[in-house]
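Take a look at the structure below.
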Amino acid sequence: MKNFLVTGGVGFIGSNFILKARKEQWANIINLDKLTYASNPNTLEALDRDPGYHFVHGDIGNLELVRSLLEQHQPDAIINFAAESHVDRSIVSPQDFIQTNIFGTFQLLEASKTYYEKLPSPRQAQFRFLHISTDEVYGSLSKTDPAFREDTPYAPNSPYAASKAGSDHLVRAYHHTYGLPTLTTNCSNNYGPRQFPEKLIPLIVLNALNGKPLPIYGDGQNIRDWLYVEDHCEAIYLVLQQSQVGETYNVGGNNEVTNIEVVKQICAILDRLAPKPDFNYASLITFVKDRPGHDRRYAIDCRKIYQDLGWQPQESFESGLLKTIQWYLSNSTWVEQVQSGAYQTWIEKNYGNRNDTQD
Ligand code: NAD
Ligand code: TDX
């Protein structure tokens with residue numbers, strides 16, 4: 001079986017990818033994760049006894065650590081999910097975004113280049129570096145603009161988007177200049193199980209269940225395209241298996257929805273699944289000050305991945321949202337861990353304050 005080095009695999013999308021990769025026997029996994037505030041190590045406890053899964057606590061920016069992991073595990077592919085990913089945090093405090101998303105990706109590329117150049121030619125032909133990126137690098141659309149295509153010029157607006165754009169450019173340059181067999185996917189807003197509740201959908205679900213206000217930035221008319229995380233994971237695997245090297249693919253859910261509509265749909269589902277007498281969850285909706293520089297609309301044109309690889313999203317927004325909310329209702333321990341900060345205590349107990357510990 002193949003070996004994949006996954007970075008940031010304790011986070012939302014990476015953990016869903018790893019669980020699927022092990023279930024479907026796509027590959028053995030080495031998971032390099034720094035365990036920032038956005039990760040709950042218990043997310044992957046189902047793999048505790050899986051001999052095909054190996055966790056390493058560390059930073060993608062630690063060149064020595066990454067080099068030794070590559071040497072030791074000889075992966076057939078590297079899939080880079082590791083990032084600081086929350087736009088609001090990037091506005092308040094951009095430093096970590098530059099450090100991980102730009103410098104960290106640069107270090108990972110450096111280590112990958114040396115590793116790739118030393119591989120014997122049959123293995124070189126198979127090797128891939130897949131970088132996971134976002135539609136936010138393309139900037140903001142008006143209601144009538146056509147959706148983002150792979151050749152839409154980059155115009156990032158937030159420090160997060162700019163840091164992801166920087167990493168995408170580095171990945172492109174390592175292919176163009178050094179021949180590293182890279183691939184990049186730019187996807188829209190993911191939703192599904194195991195997402196940290198700083199992002200809109202889990203935040204609204206958990207605030208509602210706790211009777212807290214449901215904050216809507218600005219007028220609530222900003223539009224996002226929503227992609228169910230499992231559909232995204234399928235797309236990533238397909239790109240890895242079938243794409244020509246150097247390609248980039250946009251991945252979207254064909255689900256453009258305004259924020260206010262997303263929140264109303266969540267409230268309607270909760271009214272059915274967790275009813276309270278004489279109470280509608282929508283009564284908690286509260287309009288708050290807008291996010292600075294808030295992008296108005298994202299939309300993805302996924303014709304390229306459909307035409308080249310035959311991928312299209314399978315999940316409707318209605319059924320994906322229902323499954324997501326059911327997951328949060330059935331996984332109260334996970335929710336308590338991320339909300340109480342108990343997992344950070346667990347990290348300190350198990351790993352101390354060391355950032356680059358090899359398991
Ligand atoms: P997340 O914040 O849930 O998880 C990120 C993971 O990366 C965490 O486990 C964290 O501990 C780890 N990490 C952070 N810095 C690290 C470092 N220096 N070294 C090693 N590990 C580190 O993010 P996510 O939502 O799962 O996003 C994964 C990737 O997908 C990111 O690159 C993000 O930019 C991209 N993306 C996310 C979305 C989305 O809607 N969530 C959409 C498009 C693209
Ligand atoms: O409390 C809120 N109220 C609100 O109205 C929050 C947290 C968000 N919003 C709005 C802002 C956005 O228009 O909801 C929309 C979604 O917000 P986020 O969940 O923060 O996602 P977004 O900013 O769109 O970015 C996400 O998708 C692209 C991910 O966080 C990124 O990592 C990804 O690249």
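Letters A, B, ... mark the chains of the structure tokens in the order given; residue numbers begin at 1 per chain; ligand numbers begin at 1, in order shown.
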
At most 7 Å from ligand 1 (only C-alpha atoms and all ligand atoms): residue list as a tab-separated table (two decimals) with C-alpha atoms, in the first residue's frame:
```
chain	number	residue	atom	x	y	z
A	7	THR	CA	0.10	17.71	7.23
A	8	GLY	CA	-2.51	19.36	9.44
A	9	GLY	CA	-4.41	16.07	9.61
A	10	VAL	CA	-5.84	16.67	13.07
A	11	GLY	CA	-7.79	19.67	11.73
A	12	PHE	CA	-11.22	19.63	10.13
A	13	ILE	CA	-10.62	18.63	6.50
A	14	GLY	CA	-7.40	16.68	7.12
A	32	LEU	CA	2.31	15.75	10.92
A	33	ASP	CA	0.37	18.28	12.97
A	34	LYS	CA	1.38	21.07	15.33
A	35	LEU	CA	-1.83	20.65	17.39
A	36	THR	CA	-2.76	24.31	17.43
A	37	TYR	CA	-5.89	25.59	19.18
A	38	ALA	CA	-7.89	24.44	16.11
A	39	SER	CA	-7.20	20.74	16.55
A	58	GLY	CA	5.43	18.98	14.89
A	59	ASP	CA	5.59	22.03	12.68
A	60	ILE	CA	5.74	22.00	8.86
A	61	GLY	CA	8.19	24.90	9.26
A	80	ASN	CA	-0.51	19.80	2.70
A	81	PHE	CA	-3.59	20.72	4.73
A	82	ALA	CA	-1.62	22.46	7.53
A	83	ALA	CA	-2.56	26.11	7.85
A	84	GLU	CA	-3.94	28.81	10.02
A	85	SER	CA	-7.42	28.88	8.52
A	86	HIS	CA	-9.70	31.40	10.23
A	100	THR	CA	2.69	28.79	8.83
A	104	GLY	CA	5.84	26.75	6.66
A	132	ILE	CA	-4.84	22.32	-0.40
A	133	SER	CA	-5.94	25.90	-0.99
A	134	THR	CA	-8.99	28.10	-1.06
A	135	ASP	CA	-11.27	30.07	-3.39
A	164	LYS	CA	-2.75	31.26	1.07
A	186	ASN	CA	-8.74	25.65	-4.54
A	187	CYS	CA	-11.99	24.80	-2.84
A	188	SER	CA	-14.95	26.67	-1.44
A	189	ASN	CA	-16.29	26.72	2.15
A	190	ASN	CA	-16.29	23.20	3.58
A	191	TYR	CA	-18.80	22.03	6.15
A	195	GLN	CA	-15.12	21.50	12.18
A	196	PHE	CA	-13.83	23.79	14.91
```

| task | Set the cut-off to 9 Å, count only C-alpha atoms and all ligand atoms, and list whatever residues fall near ligand 2 as JSON, numbers by chain. | result | {"A": [83, 84, 85, 86, 87, 88, 133, 134, 135, 136, 137, 160, 161, 164, 186, 187, 188, 189, 190, 191, 197, 198, 199, 200, 201, 202, 203, 204, 214, 215, 216, 217, 218, 219, 220, 221, 222, 223, 224, 225, 226, 258, 259, 260, 262, 263, 287, 288, 290, 291, 294, 295, 296, 297, 298]}

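Distances to Ala21 (chain A) were evaluated for A:Glu247, A:Glu234, A:Glu110, A:Glu315 using only C-alpha atoms, and the minimum falls at A:Glu234.
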
| request: Can you pull out every residue within 10 Å of region 114-119 of chain A, counting only C-alpha atoms, but drop anything in the same chain fewer than 4 positions away, and send it as a list in words? | output: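 So the residues in contact are Arg67, Ser68, Leu70, Glu71, Gln74, Pro75, Asp76, Leu109, Glu110, Arg123, Gln124, Ala125, Phe127, Arg128, Phe129, Tyr178, Gly179, Leu180 and Pro181 of chain A.
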
Please save C-alpha atoms of the selected residues as a PDB file, in the first residue's frame.
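Listed below is the output, selection11.pdb:
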```
ATOM      1  CA  ARG A  67      13.490  16.002   6.248  1.00  0.00           C
ATOM      2  CA  SER A  68      13.854  13.192   8.779  1.00  0.00           C
ATOM      3  CA  LEU A  70      10.559  11.968   4.625  1.00  0.00           C
ATOM      4  CA  GLU A  71      13.751   9.943   4.977  1.00  0.00           C
ATOM      5  CA  GLN A  74       9.501   7.437   2.208  1.00  0.00           C
ATOM      6  CA  PRO A  75       6.015   8.723   1.294  1.00  0.00           C
ATOM      7  CA  ASP A  76       4.543   8.432  -2.210  1.00  0.00           C
ATOM      8  CA  LEU A 109       8.568  22.506  -0.363  1.00  0.00           C
ATOM      9  CA  GLU A 110      12.313  22.715   0.322  1.00  0.00           C
ATOM     10  CA  ARG A 123       9.276   6.354  -7.674  1.00  0.00           C
ATOM     11  CA  GLN A 124       9.939   9.914  -8.874  1.00  0.00           C
ATOM     12  CA  ALA A 125       7.369   9.363 -11.629  1.00  0.00           C
ATOM     13  CA  PHE A 127       5.513  11.101  -6.392  1.00  0.00           C
ATOM     14  CA  ARG A 128       3.078  14.022  -5.890  1.00  0.00           C
ATOM     15  CA  PHE A 129       2.957  17.142  -3.680  1.00  0.00           C
ATOM     16  CA  TYR A 178      12.517  22.807 -10.039  1.00  0.00           C
ATOM     17  CA  GLY A 179      10.129  20.323 -11.642  1.00  0.00           C
ATOM     18  CA  LEU A 180       8.572  19.279  -8.334  1.00  0.00           C
ATOM     19  CA  PRO A 181       5.406  17.341  -9.293  1.00  0.00           C
TER      20      PRO A 181
END
```
